[in-house]
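A.B. asks: For reference, the file final-v6.cif (mmCIF, C-alpha atoms and all ligand atoms) is included below:
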```
data_final
loop_
_atom_site.label_atom_id
_atom_site.label_comp_id
_atom_site.auth_asym_id
_atom_site.auth_seq_id
_atom_site.Cartn_x
_atom_site.Cartn_y
_atom_site.Cartn_z
CA MET A 1 20.66 -117.96 61.87
CA LEU A 2 22.60 -119.59 59.06
CA GLU A 3 26.27 -120.24 59.71
CA SER A 4 27.19 -118.80 56.31
CA ASN A 5 25.82 -115.33 57.11
CA THR A 6 28.74 -113.28 58.28
CA VAL A 7 26.78 -110.06 58.64
CA GLU A 8 23.03 -109.82 59.06
CA LEU A 9 20.91 -106.70 59.47
CA ARG A 10 17.41 -107.28 60.77
CA GLY A 11 14.96 -104.41 60.72
CA VAL A 12 17.68 -101.81 61.25
CA SER A 13 16.52 -98.19 61.54
CA LYS A 14 18.46 -95.11 62.53
CA SER A 15 17.58 -91.45 62.96
CA PHE A 16 19.76 -88.46 63.71
CA SER A 17 18.61 -85.35 65.43
CA THR A 18 20.19 -82.08 64.32
CA ASN A 19 19.06 -78.74 65.76
CA GLY A 20 15.85 -80.35 66.99
CA LYS A 21 15.07 -81.77 63.55
CA VAL A 22 14.89 -85.56 63.35
CA GLU A 23 16.10 -87.20 60.13
CA ARG A 24 15.39 -90.88 59.53
CA VAL A 25 18.53 -92.11 57.84
CA LEU A 26 17.94 -95.88 57.72
CA ASN A 27 14.50 -97.37 57.40
CA HIS A 28 14.03 -100.99 58.37
CA ILE A 29 16.98 -102.50 56.53
CA ASN A 30 16.97 -106.29 56.21
CA GLY A 31 19.99 -107.85 54.54
CA THR A 32 22.41 -110.73 54.83
CA ILE A 33 25.99 -110.96 53.70
CA GLU A 34 27.43 -114.39 53.08
CA ASN A 35 30.86 -115.43 54.20
CA GLY A 36 33.50 -114.56 51.62
CA SER A 37 31.33 -112.26 49.52
CA ILE A 38 32.18 -108.76 48.33
CA VAL A 39 29.09 -106.59 48.62
CA THR A 40 29.29 -103.26 46.86
CA ILE A 41 26.95 -100.74 48.47
CA LEU A 42 25.67 -98.07 46.11
CA GLY A 43 23.27 -95.18 46.41
CA PRO A 44 22.88 -91.42 46.08
CA SER A 45 24.81 -89.12 48.38
CA GLY A 46 23.31 -89.05 51.88
CA SER A 47 21.27 -92.24 51.37
CA GLY A 48 22.74 -93.95 54.45
CA LYS A 49 25.56 -96.13 53.07
CA SER A 50 28.26 -95.09 55.58
CA THR A 51 25.74 -95.35 58.39
CA ILE A 52 25.26 -99.03 57.51
CA LEU A 53 29.02 -99.63 57.76
CA SER A 54 29.18 -97.81 61.10
CA MET A 55 26.52 -100.19 62.49
CA CYS A 56 28.71 -103.20 61.69
CA ASN A 57 31.53 -102.32 64.06
CA LEU A 58 29.56 -100.37 66.67
CA LEU A 59 30.67 -96.89 65.70
CA LEU A 60 26.89 -96.38 65.75
CA THR A 61 24.04 -98.44 67.21
CA PRO A 62 20.62 -98.96 65.58
CA ASP A 63 17.57 -97.26 67.12
CA GLU A 64 15.52 -100.27 66.11
CA GLY A 65 16.53 -103.71 64.89
CA ASP A 66 19.73 -105.67 65.28
CA VAL A 67 23.01 -106.28 63.52
CA PHE A 68 24.55 -109.72 63.83
CA ILE A 69 28.19 -110.51 63.18
CA TYR A 70 28.81 -114.25 62.87
CA GLY A 71 25.42 -114.81 64.47
CA LYS A 72 26.12 -112.70 67.56
CA GLU A 73 24.39 -109.35 68.03
CA VAL A 74 27.00 -106.57 67.81
CA ARG A 75 26.07 -105.11 71.19
CA ASN A 76 27.00 -108.45 72.78
CA TRP A 77 30.51 -108.41 71.35
CA ASN A 78 33.47 -107.28 73.37
CA ILE A 79 34.38 -104.06 71.52
CA PRO A 80 38.13 -104.64 71.04
CA GLU A 81 37.39 -108.15 69.78
CA LEU A 82 34.71 -106.82 67.42
CA ARG A 83 37.04 -104.13 66.05
CA GLN A 84 39.75 -106.72 65.46
CA THR A 85 37.30 -108.93 63.58
CA VAL A 86 35.63 -106.12 61.63
CA GLY A 87 38.18 -103.68 60.19
CA ILE A 88 37.23 -100.36 58.62
CA ALA A 89 39.11 -98.19 56.13
CA PHE A 90 38.04 -94.72 55.01
CA GLN A 91 38.77 -92.42 52.10
CA ALA A 92 40.95 -90.13 54.22
CA ALA A 93 42.55 -92.40 56.78
CA PRO A 94 43.40 -90.25 59.82
CA MET A 95 47.11 -90.56 60.66
CA ILE A 96 48.89 -89.84 63.91
CA PRO A 97 51.90 -87.49 63.59
CA GLY A 98 55.08 -89.52 63.16
CA THR A 99 56.41 -92.20 60.88
CA VAL A 100 54.82 -94.91 58.79
CA LEU A 101 55.95 -97.39 61.48
CA ASP A 102 54.31 -95.35 64.28
CA ASN A 103 51.04 -95.52 62.35
CA LEU A 104 51.35 -99.21 61.56
CA LEU A 105 51.96 -100.03 65.21
CA LEU A 106 48.95 -98.01 66.40
CA PRO A 107 46.30 -100.78 66.21
CA ALA A 108 48.70 -103.25 67.80
CA SER A 109 49.31 -100.89 70.72
CA ILE A 110 45.56 -100.25 71.14
CA HIS A 111 44.93 -103.99 71.26
CA GLN A 112 48.12 -104.71 73.27
CA MET A 113 49.50 -107.00 70.61
CA ASN A 114 53.04 -107.42 69.38
CA ILE A 115 53.76 -107.35 65.70
CA ASP A 116 57.13 -108.82 64.85
CA HIS A 117 57.49 -107.87 61.23
CA PRO A 118 55.47 -104.71 60.56
CA GLU A 119 57.01 -104.50 57.09
CA GLN A 120 54.92 -107.54 56.05
CA PHE A 121 51.85 -105.29 56.14
CA LEU A 122 53.51 -102.77 53.84
CA GLU A 123 54.29 -105.60 51.49
CA LYS A 124 50.60 -106.62 51.47
CA VAL A 125 49.70 -103.20 50.08
CA SER A 126 52.72 -102.97 47.75
CA LEU A 127 54.57 -100.29 49.71
CA PRO A 128 58.37 -100.65 49.99
CA GLU A 129 59.90 -101.48 53.37
CA SER A 130 62.12 -98.40 52.92
CA LEU A 131 59.09 -96.25 53.79
CA LEU A 132 58.89 -97.55 57.38
CA HIS A 133 60.80 -94.62 58.86
CA LYS A 134 59.42 -91.93 56.57
CA ASN A 135 57.22 -89.23 58.07
CA VAL A 136 53.56 -89.76 57.09
CA GLN A 137 53.36 -86.09 56.08
CA ASP A 138 55.74 -86.85 53.23
CA LEU A 139 53.64 -89.61 51.67
CA SER A 140 51.66 -89.17 48.48
CA GLY A 141 47.86 -89.52 48.53
CA GLY A 142 48.05 -93.03 47.09
CA GLN A 143 50.72 -94.07 49.61
CA ARG A 144 48.64 -92.72 52.50
CA GLN A 145 45.65 -94.66 51.26
CA ARG A 146 47.69 -97.85 51.08
CA LEU A 147 49.11 -97.21 54.55
CA GLY A 148 45.58 -96.71 55.91
CA LEU A 149 44.64 -100.07 54.45
CA ALA A 150 47.81 -101.74 55.78
CA ARG A 151 47.00 -100.41 59.25
CA THR A 152 43.50 -101.88 59.03
CA LEU A 153 45.00 -105.23 58.01
CA VAL A 154 47.30 -105.40 61.06
CA ASN A 155 44.42 -106.84 63.08
CA ARG A 156 43.82 -109.48 60.39
CA PRO A 157 40.11 -108.70 60.18
CA SER A 158 37.95 -111.38 58.59
CA ILE A 159 35.38 -108.71 57.67
CA LEU A 160 36.50 -105.52 55.96
CA LEU A 161 34.39 -102.36 55.69
CA LEU A 162 35.63 -100.04 52.94
CA ASP A 163 34.18 -96.54 52.72
CA GLU A 164 34.96 -94.92 49.38
CA ILE A 165 38.62 -95.76 49.78
CA THR A 166 39.61 -94.98 46.20
CA SER A 167 37.54 -91.88 45.50
CA ALA A 168 40.48 -89.47 45.83
CA LEU A 169 42.94 -91.50 43.76
CA ASP A 170 44.06 -91.40 40.14
CA PRO A 171 42.78 -94.22 37.87
CA SER A 172 45.96 -96.31 38.02
CA SER A 173 46.09 -96.16 41.85
CA VAL A 174 42.40 -97.08 41.92
CA ARG A 175 43.07 -100.22 39.91
CA GLU A 176 46.09 -101.11 42.05
CA ILE A 177 44.09 -100.83 45.28
CA GLU A 178 41.29 -102.91 43.77
CA HIS A 179 43.84 -105.52 42.76
CA LEU A 180 45.31 -105.59 46.29
CA ILE A 181 41.93 -106.03 47.87
CA LEU A 182 40.83 -108.72 45.44
CA ASN A 183 44.08 -110.60 46.17
CA LEU A 184 43.48 -110.32 49.89
CA HIS A 185 39.95 -111.59 49.38
CA LYS A 186 41.28 -114.53 47.36
CA GLU A 187 44.01 -115.41 49.84
CA GLU A 188 42.11 -114.96 53.09
CA ASN A 189 38.46 -115.24 52.02
CA THR A 190 37.82 -111.87 53.68
CA THR A 191 34.18 -110.76 53.59
CA ILE A 192 34.01 -107.21 52.25
CA LEU A 193 31.37 -104.47 52.41
CA TRP A 194 32.51 -101.83 49.97
CA VAL A 195 30.76 -98.46 49.72
CA THR A 196 31.59 -96.84 46.41
CA HIS A 197 30.31 -94.08 44.16
CA ASP A 198 31.98 -95.68 41.17
CA LEU A 199 29.53 -97.93 39.31
CA ASP A 200 32.27 -99.47 37.15
CA GLN A 201 34.24 -100.29 40.28
CA ALA A 202 31.18 -101.84 41.91
CA ARG A 203 30.72 -104.05 38.88
CA ARG A 204 34.43 -104.96 38.68
CA VAL A 205 34.88 -105.97 42.30
CA GLY A 206 31.47 -107.03 43.64
CA THR A 207 30.01 -110.50 44.02
CA HIS A 208 26.77 -108.89 45.23
CA SER A 209 25.45 -105.33 45.11
CA TRP A 210 23.04 -103.34 47.23
CA LEU A 211 21.27 -100.12 46.31
CA ILE A 212 20.32 -97.82 49.17
CA VAL A 213 17.88 -95.00 48.43
CA ASN A 214 16.59 -92.71 51.17
CA GLY A 215 17.63 -95.19 53.86
CA GLU A 216 15.93 -98.16 52.20
CA LEU A 217 17.56 -101.21 50.72
CA VAL A 218 15.73 -101.20 47.40
CA GLU A 219 17.67 -103.93 45.60
CA HIS A 220 20.18 -106.58 46.59
CA SER A 221 21.31 -109.19 44.14
CA PRO A 222 24.38 -110.84 42.60
CA THR A 223 26.40 -108.05 40.99
CA GLU A 224 26.02 -109.26 37.42
CA SER A 225 22.21 -109.41 37.59
CA PHE A 226 22.11 -106.15 39.56
CA PHE A 227 23.69 -104.42 36.57
CA THR A 228 22.18 -106.42 33.71
CA THR A 229 18.65 -107.19 34.92
CA PRO A 230 17.77 -104.81 37.78
CA LYS A 231 14.28 -105.44 39.18
CA ASP A 232 13.38 -102.21 40.93
CA ASP A 233 12.57 -99.10 38.90
CA ARG A 234 14.75 -97.04 41.21
CA THR A 235 17.73 -99.27 40.38
CA LYS A 236 17.07 -98.87 36.67
CA GLN A 237 16.89 -95.12 37.09
CA PHE A 238 19.98 -95.03 39.29
CA LEU A 239 22.03 -97.08 36.84
CA ALA A 240 20.89 -94.86 33.98
CA LYS A 241 21.50 -91.57 35.73
CA GLY A 242 24.41 -92.37 38.04
CA MET A 243 24.59 -90.64 41.36
CA THR A 244 21.94 -87.97 40.82
CA ASP A 245 19.27 -87.86 43.48
CA LEU A 246 16.32 -90.16 43.07
CA PRO A 247 12.79 -89.13 43.97
N1 LIG A 301 26.54 -88.29 63.25
C1 LIG A 301 25.57 -87.75 62.50
N2 LIG A 301 24.76 -86.79 63.00
C2 LIG A 301 23.77 -86.24 62.26
N3 LIG A 301 23.50 -86.61 60.99
C3 LIG A 301 24.28 -87.58 60.44
C4 LIG A 301 25.36 -88.19 61.17
N4 LIG A 301 25.94 -89.12 60.36
C5 LIG A 301 25.27 -89.07 59.19
N5 LIG A 301 24.28 -88.16 59.25
C6 LIG A 301 23.32 -87.85 58.17
O1 LIG A 301 22.75 -89.07 57.76
C7 LIG A 301 22.54 -89.08 56.34
C8 LIG A 301 23.19 -90.31 55.76
O2 LIG A 301 24.60 -90.17 55.91
P1 LIG A 301 25.61 -91.26 55.35
O3 LIG A 301 26.98 -90.74 55.59
O4 LIG A 301 25.28 -92.60 55.88
O5 LIG A 301 25.26 -91.23 53.79
P2 LIG A 301 26.08 -91.81 52.56
O6 LIG A 301 25.08 -92.53 51.71
O7 LIG A 301 27.25 -92.58 53.01
O8 LIG A 301 26.51 -90.47 51.84
P3 LIG A 301 27.76 -90.10 50.91
O9 LIG A 301 27.63 -90.97 49.69
O10 LIG A 301 27.56 -88.66 50.59
O11 LIG A 301 29.00 -90.39 51.69
C9 LIG A 301 23.07 -87.75 55.82
O12 LIG A 301 22.00 -86.86 55.65
C10 LIG A 301 23.99 -87.29 56.93
O13 LIG A 301 24.04 -85.88 56.98
#
```
Let's see the structure in the file written out as structure tokens.
C.D. replies:
Amino acid sequence: MLESNTVELRGVSKSFSTNGKVERVLNHINGTIENGSIVTILGPSGSGKSTILSMCNLLLTPDEGDVFIYGKEVRNWNIPELRQTVGIAFQAAPMIPGTVLDNLLLPASIHQMNIDHPEQFLEKVSLPESLLHKNVQDLSGGQRQRLGLARTLVNRPSILLLDEITSALDPSSVREIEHLILNLHKEENTTILWVTHDLDQARRVGTHSWLIVNGELVEHSPTESFFTTPKDDRTKQFLAKGMTDLP
């Protein structure tokens, strides 16, 4: 195992069984993610992108194959330590009832940590300190999204999993969140796996891009060549047609 591989998937497969019907969602995925890269994960709806993220912090386990984080198989990690190292943020970050501060302190209380200046995490996502005592119900969509990200950052994860975090936001909020994340990446060399439906976003933010189709990793390459000189016919078709289903 190379030191520089922060995340490695080796022969990862996953099936789900619903009402007695078994659906193979990931099919023998092999992929490595280098330290400090931003990998944008693309693919049609239902192709298995979120399932890949869930494997990286043990929200799900593979049926076959292994996921390594810094060279150690995820199942051998202590879960709180893994979740501190690998942070995840979703499109609709679930909030506990209460204030912005209550929500910011949640990961610290789960991990029995003290955070002295919670407002520093608001600052990281460009939210004013004056929001600390505001009820989360009174936040705008963009503010909630930033708070969700701030809460993920409290643990200072060195790997960040982002699952369509900007898909419900207006274009200017999208660009602001991208800017925040790119700054964080620059300052802390955070490794980022970013699932997005937005091809322009994937091209703007990615250092590398993956295309997942029907649970298979059909193309993985540096982002620029992914978009300019795709190798696989399915990538060409996907880039031409956007998110429509591929055969
Ligand atoms: N816990 C689960 N139980 C049963 N089926 C599941 C579960 N989680 C995901 N699936 C199924 O696995 C498939 C892949 O889901 P996944 O969320 O990984 O796709 P995705 O590529 O992220 O999709 P989208 O772009 O629409 O978010 C889908 O058909 C989904 O219904």
A.B. asks: Using only C-alpha atoms and all ligand atoms, which residue out of A:Asn214, A:Asn135, A:Thr223, A:Ser173 lies closest to ligand LIG 301 (chain A)?
C.D. replies: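 Of A:Asn214, A:Asn135, A:Thr223, A:Ser173, the one nearest ligand LIG 301 (chain A) is A:Asn214, counting only C-alpha atoms and all ligand atoms.
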A.B. asks: From the options A:Glu81, A:Glu23, A:Glu188, A:Asp233, which residue's atoms come nearest to ligand LIG 301 (chain A), counting all atoms listed in the file?
C.D. replies: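 Checking each candidate against ligand LIG 301 (chain A), we get A:Glu23 as the closest.
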A.B. asks: May I have the residues within 12 Å of ligand LIG 301 (chain A), computed using only C-alpha atoms and all ligand atoms, as a PyMOL selection string?
C.D. replies: chain A and resi 13-27+41-55+59-61+90-91+162-165+167+194-198+210-217+243-245
A.B. asks: What does the distance between CA of Asn35 (chain A) and CA of Glu123 (chain A) come to in Å, to one decimal place?
C.D. replies: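 Distance between the two atoms: 25.6 Å.
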A.B. asks: Mind dumping a table of every region 148-184 of chain A residue within 12 Å of region 94-112 of chain A, with the nearest atom pair and its distance in Å to one decimal, using only C-alpha atoms, sorted by chain and rising number, as a Markdown table?
C.D. replies:
```
| residue | atom | partner | partner_atom | distance |
| --- | --- | --- | --- | --- |
| A:Gly148 | CA | A:Pro94 | CA | 7.9 |
| A:Leu149 | CA | A:Leu104 | CA | 9.8 |
| A:Ala150 | CA | A:Leu104 | CA | 7.2 |
| A:Arg151 | CA | A:Leu104 | CA | 5.1 |
| A:Thr152 | CA | A:Pro107 | CA | 7.8 |
| A:Leu153 | CA | A:Pro107 | CA | 9.4 |
| A:Val154 | CA | A:Pro107 | CA | 7.0 |
| A:Asn155 | CA | A:Pro107 | CA | 7.1 |
| A:Arg156 | CA | A:Pro107 | CA | 10.8 |
| A:Pro157 | CA | A:Pro107 | CA | 11.7 |
```
A.B. asks: Between A:Lys124, A:Arg204, A:Lys236, A:Arg175, which has the minimum distance to Arg146 (chain A) (counting only C-alpha atoms)?
C.D. replies: A:Lys124
A.B. asks: May I ask for the distance between CA of Leu169 (chain A) and CA of Gly142 (chain A), given in Å to one decimal place?
C.D. replies: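 Taking CA of Leu169 (chain A) and CA of Gly142 (chain A), their separation equals 6.3 Å.
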A.B. asks: For Asn30 (chain A), which residue out of A:Gly11, A:Ser126, A:Ser158, A:Gln143 is the nearest one, using only C-alpha atoms?
C.D. replies: A:Gly11
A.B. asks: With all atoms listed in the file as the atoms that count, which of A:Asp66, A:Asp116, A:Glu34, A:Glu178 lies nearest to Thr191 (chain A)?
C.D. replies: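 Counting all atoms listed in the file, the residue closest to Thr191 (chain A) is A:Glu34.
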A.B. asks: What is the CA of Gln145 (chain A)-CA of Ala168 (chain A) distance in Å, reported with one decimal?
C.D. replies: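 About the pair CA of Gln145 (chain A) and CA of Ala168 (chain A): they are 9.1 Å apart.
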A.B. asks: Within 10 Å of Val205 (chain A), counting only C-alpha atoms, which residues qualify if same-chain residues fewer than 2 places away don't, as an MDAnalysis selection string?
C.D. replies: chainID A and resid 38:40 178:179 181:182 194 200:203 207:209 223
A.B. asks: Could you write out the selected residues, including C-alpha atoms, as a short mmCIF file (atom, residue, chain, number, x, y, z; two decimals), in the coordinates of the input?
C.D. replies:
```cif
data_model
loop_
_atom_site.label_atom_id
_atom_site.label_comp_id
_atom_site.auth_asym_id
_atom_site.auth_seq_id
_atom_site.Cartn_x
_atom_site.Cartn_y
_atom_site.Cartn_z
CA ILE A 38 32.18 -108.76 48.33
CA VAL A 39 29.09 -106.59 48.62
CA THR A 40 29.29 -103.26 46.86
CA GLU A 178 41.29 -102.91 43.77
CA HIS A 179 43.84 -105.52 42.76
CA ILE A 181 41.93 -106.03 47.87
CA LEU A 182 40.83 -108.72 45.44
CA TRP A 194 32.51 -101.83 49.97
CA ASP A 200 32.27 -99.47 37.15
CA GLN A 201 34.24 -100.29 40.28
CA ALA A 202 31.18 -101.84 41.91
CA ARG A 203 30.72 -104.05 38.88
CA THR A 207 30.01 -110.50 44.02
CA HIS A 208 26.77 -108.89 45.23
CA SER A 209 25.45 -105.33 45.11
CA THR A 223 26.40 -108.05 40.99
#
```
A.B. asks: Can you pull out the residues contacting Ile192 (chain A)? Cut-off 6 Å, using all atoms listed in the file, and skip same-chain residues under 6 positions away; I want them as a list in words.
C.D. replies: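 Those residues are Ile38, Ile159, Leu160 and Leu161 of chain A.
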